[in-house]
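Structure record follows, encoded as structure tokens.
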Amino acid sequence: MSTLEDPQLERHFRGHRDVVTSVDFNPNMTQLASGSLDNNLMVWNFKAKMRAYRFVGHKDAIHSVQFSPSGHLIASASRDKTVRLWIPSVKGESTVFRAHTGTVRSVDFSSDGQMLCTASDDKTVKIWTVHRQKFLFSLTQHSNWVRTAKFSPDGRLCVSGSDDKTILLWDLQSKQSMHTFYETGGFVNCVDFHPSGTCIASASTDGSIKIWDIRMNKILQNHTAHGGGVNKISFHASGNYLLSGSEDATLKIFDLLEGRIFYTLHGHQGSVTSVAFNRNGDFFASGGHDEQVLVWKTNFDAAEQAKPKRNKNRNADGPTVEDIPPRQNKMSSRVVSGQENRVDARNEVRRLDDVTSEITNVSPFEMSKENRDTNKMSSFKTTSSDTMFADALTTTASSMPKQLTDFMETVAGQLDILTQTVSLLEERLTMTENKLKEVATDKTATL
């Protein structure tokens, strides 16, 4: 029996000027994106001595940000009724969806990166193609603000939560609601799909978190551990844990296989407004009312390596309730005892309060036709509002001599090419490492 380590604070980012509303990791774990009520998208780099980027373009608060599955794009949803797609580089290329007639509360990429779903105060969920920026259709059965919408892992379904106290499960092929789950206690702040596709989780303003089975259409678990409304939730990659952030200033990690709280974490001064696991589950991030972004190392996820692997083809014909099985391995003495573990990192955060990342302001850049023809965003449309160039030194280009402006644009272009090249090399290296791990695992199994 091994004793697991507690989650620990790894990084601390400070640069937003208002509440942090959303956080998301780049799949290659080189960057973290965050959105805020200060209207700005921040991209934080994990590599030492690399500057953070503040992307300026939205006219009002940002409510949701997400990296595309490839990591080459970031989507941001705003109170200004638009969704922007950004290339996260110093050139600041972006494009605008005139998406809704009300505040856009959430944005989500499909697992293949080909589609977006957006949820809005105009009571609709909209589905879009990414590269053509083409609107496909609306889902319109909610009767109040829609605060959240997510694709299922296989992209066939969508789930949405609303201030009408309902959670709707949608079939994207028929464009119809398959089932309605009723939340009697409070408004629905957040929903998310279990990685297996068998269940959904919902978080509400009454402080409750519920796990619903979407095949049996019944509730599996109901957690009321928070002392305030739950703002955001995120599933661990294994599907065995759920992370939540609340108005009560805590993060909680729930052990879903045992149906109990695993950890309670303190780090923020005030409400925790955003949380997210990274794609592998070995790190998670949180943002708060205190304008800070914290990055934590999970540590307990080492237990997942020793658990029996599930059959990847299990859900080929649809979800099954058995995808949340009883725990078969007791990995920690804490788990056996059923004790709730507490981690308080507030003193550590206070010690880091004077550590602020160097930040470069980046404004929207309108690409020329030649650039659009050769760029990854070649099919993106630009608007008259996207006429400002990247301001790498936080000084407007118009105030610079033309030769210096041309030089800075050349340098920015070369840096962008270098950044994209390094990113592609890192992705290929990661794919090679994963393949080698699979081969090693297969050989070990055959022996």
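Chains: A, B, ... in order of the structure tokens. Residues: from 1 per chain. Ligands: from 1, in order shown.
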Worksheet item: Per DSSP on the backbone, what are the strand (DSSP E or B) residues of range 84-318 of chain A, as number ranges by chain?
Response: A: 84-86, 93-98, 104-109, 115-120, 125-129, 135-139, 146-151, 157-162, 166-171, 176-182, 188-193, 199-204, 209-213, 218-223, 230-235, 241-246, 250-255, 260-266, 272-277, 283-288, 292-297
Discussion item. List as a PyMOL selection string the protein and nucleic acid residues near Phe151 in chain A, meaning an atom at most 9 Å away when only C-alpha atoms are counted, but skip any in the same chain fewer than 4 places from it.
Written reply: chain A and resi 108-111+116-117+155-159+192-193
Discussion item. With distances taken over only C-alpha atoms, which residue among A:Gly288, A:Gly92, A:Gly71, A:Gly186 lies nearest Ser202 in chain A?
Written reply: A:Gly186
Fill in: Two-atom distance - CA of Arg260 in chain A, CA of Tyr241 in chain A (Å)
9.9 Å
Worksheet item: In terms of the shortest atom-to-atom distance over only C-alpha atoms, which of A:Leu220, A:Val130, A:Val272, A:Val43 is closest to Val20 in chain A?
Response: A:Val272
Worksheet, complete the sentence: Judged by only C-alpha atoms, the minimum distance to Lys150 in chain A among A:Phe25, A:Phe262, A:Ser106, A:Gly228 is found for A:Ser106
Discussion item. Calculated over only C-alpha atoms, which of the candidates A:Thr118, A:Ser70, A:Ser204, A:Ser244 has the smallest distance to Pro27 in chain A?
Written reply: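 The closest residue to Pro27 in chain A is A:Ser70.
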Discussion item. Report, in Å to a single decimal, how far apart CA of Phe277 in chain A and CA of His223 in chain A are.
Written reply: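 For CA of His223 in chain A relative to CA of Phe277 in chain A, the distance reads 19.5 Å.
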Worksheet entry | Exercise: Val125 in chain A partners within 12 Å, only C-alpha atoms, chain neighbours under 5 positions left out, as a PyMOL selection string | chain A and resi 99-108+116-120+135-151+158-162+168-170+172+175-177
Item to complete: In Å, rounded to a single decimal, give me how far CA of His131 in chain A is from CA of Phe97 in chain A.
Response: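 Straight-line distance from CA of Phe97 in chain A to CA of His131 in chain A works out to 11.5 Å.
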Practice prompt. Would you mind listing what lies within 8 Å of range 85-89 of chain A as JSON, numbers by chain, with only C-alpha atoms counted and same-chain residues fewer than 3 positions away left out?
Written response: {"A": [43, 72, 73, 74, 75, 76, 92, 93, 94, 95, 96, 416, 419]}
